[in-house]
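Step one of this worksheet: look at the structure below.
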Amino acid sequence: MVNGASMVVLGGISLLMTLPPPLIAGFWVSIAVLMHGGIEWKYSRRLSKREIFILTKMAVNQLLLACSISIYAVWKLIFFDKDSLFEVLEAPMIKNALSLLSGEEQKMLTDVFPWMVQMVYVLIIPVVWLGCGGLAWYYWAKRKSLSIQE
């Protein structure tokens with residue numbers, strides 16, 4: 001239940017953050033996380049009734065969540081916009097922080113920054129599949145152990 005509730009909260013916060021400037025990819029991944037979190041939360045509350053088929057649905061939900069987040073990461077990689085990224089670096093707080101660095105360090109950081117952001121999106125994919133895939137496997141294995149006990 002904690003997993004589903006935390007996904008609902010995370011999806012809600014993410015959705016609120018994407019609303020002021022309508023960020024299409026961020027909006028849809030927020031909706032997906034909200035939806036998958038709601039499903040997880042709903043199903044986890046029904047587990048106390050020992051309904052084995054619920055664990056199968058929860059496993060599938062985790063795999064679909066991994067698909068949703070992977071699609072978002074691939075979308076962000078395909079439509080990567082360096083200009084909007086450099087606009088972020090122009091924000092007053094970030095600009096003040098960068099002013100503490102030497103000119104050479106600032107240049108190095110701005111040269112590496114787009115690559116770093118792209119690597120985050122690349123790394124999201126295996127991490128989300130390990131996490132969601134591991135949880136799906138756990139649900140699947142738990143389903144089999146419950147059917148043996150009955």
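The chains in the structure tokens are called A, B, ... from first to last as shown; in each chain the residues are counted from 1, and the ligands are counted from 1 in the order shown.
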Next item on the list: Show which residues sit within 8 Å of A:Tyr121, as JSON, numbers by chain. Count only C-alpha atoms, and ignore same-chain residues fewer than 6 positions away.
Entry: {"A": [73, 74, 76, 77]}
Output file for the selection above: N, CA and C atoms, as an mmCIF file, in the first residue's frame:
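The new file selection-v2.cif reads:
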```
data_model
loop_
_atom_site.group_PDB
_atom_site.id
_atom_site.type_symbol
_atom_site.label_atom_id
_atom_site.label_comp_id
_atom_site.auth_asym_id
_atom_site.auth_seq_id
_atom_site.Cartn_x
_atom_site.Cartn_y
_atom_site.Cartn_z
ATOM 1 N N ALA A 73 11.431 8.612 -21.062
ATOM 2 C CA ALA A 73 12.876 8.839 -21.172
ATOM 3 C C ALA A 73 13.324 8.844 -22.635
ATOM 4 N N VAL A 74 12.802 7.922 -23.430
ATOM 5 C CA VAL A 74 13.152 7.884 -24.854
ATOM 6 C C VAL A 74 12.641 9.140 -25.552
ATOM 7 N N LYS A 76 12.218 12.091 -24.223
ATOM 8 C CA LYS A 76 13.090 13.203 -23.836
ATOM 9 C C LYS A 76 14.434 13.135 -24.565
ATOM 10 N N LEU A 77 14.922 11.932 -24.843
ATOM 11 C CA LEU A 77 16.175 11.799 -25.574
ATOM 12 C C LEU A 77 16.009 12.177 -27.048
#
```
Margin query: Give me, as a PyMOL selection string, all polymer residues having an atom no more than 12 Å from A:Phe86, counting only C-alpha atoms and skipping those fewer than 5 positions away in the same chain.
Written below: chain A and resi 80-81+91+94-95+109-114+117
If you keep C-alpha atoms, can you produce a file of those selected residues as a PDB file, in the first residue's frame?
```pdb
ATOM      1  CA  PHE A  80      16.234  16.832 -26.447  1.00  0.00           C
ATOM      2  CA  ASP A  81      16.335  20.644 -26.550  1.00  0.00           C
ATOM      3  CA  ALA A  91      18.027  31.448 -14.128  1.00  0.00           C
ATOM      4  CA  ILE A  94      21.860  29.034 -11.030  1.00  0.00           C
ATOM      5  CA  LYS A  95      23.693  31.937 -12.636  1.00  0.00           C
ATOM      6  CA  LEU A 109      30.285  22.722 -17.019  1.00  0.00           C
ATOM      7  CA  THR A 110      28.095  24.229 -19.742  1.00  0.00           C
ATOM      8  CA  ASP A 111      29.782  21.985 -22.325  1.00  0.00           C
ATOM      9  CA  VAL A 112      29.199  18.842 -20.243  1.00  0.00           C
ATOM     10  CA  PHE A 113      25.748  19.764 -18.906  1.00  0.00           C
ATOM     11  CA  PRO A 114      23.694  18.601 -21.949  1.00  0.00           C
ATOM     12  CA  VAL A 117      21.204  15.426 -18.660  1.00  0.00           C
TER      13      VAL A 117
END
```
Item checked: All residues 10 Å or closer to A:Lys144, only C-alpha atoms, same chain fewer than 6 positions away omitted, as a PyMOL selection string -> chain A and resi 52+55-56+138
Next item on the list: Tell me, in Å to one decimal, how far atom CA of A:Ala32 is from atom CA of A:Glu87.
Entry: 27.5 Å
List the neighbours of A:Pro126 out to 12 Å using only C-alpha atoms; skip same-chain residues closer than 6 positions along the sequence, and give me the result as a short mmCIF file (atom, residue, chain, number, x, y, z; two decimals) with C-alpha atoms, in the first residue's frame.
```
data_model
loop_
_atom_site.label_atom_id
_atom_site.label_comp_id
_atom_site.auth_asym_id
_atom_site.auth_seq_id
_atom_site.Cartn_x
_atom_site.Cartn_y
_atom_site.Cartn_z
CA ALA A 66 8.31 0.63 -16.45
CA CYS A 67 7.08 0.95 -20.05
CA ILE A 69 8.65 5.76 -17.75
CA SER A 70 10.88 4.26 -20.45
CA ALA A 73 12.88 8.84 -21.17
CA VAL A 74 13.15 7.88 -24.85
CA MET A 119 22.87 10.37 -19.53
CA VAL A 120 20.28 10.73 -16.75
CA CYS A 132 9.71 -2.30 -11.48
CA GLY A 133 10.84 -5.60 -12.95
CA GLY A 134 12.11 -6.72 -9.56
#
```
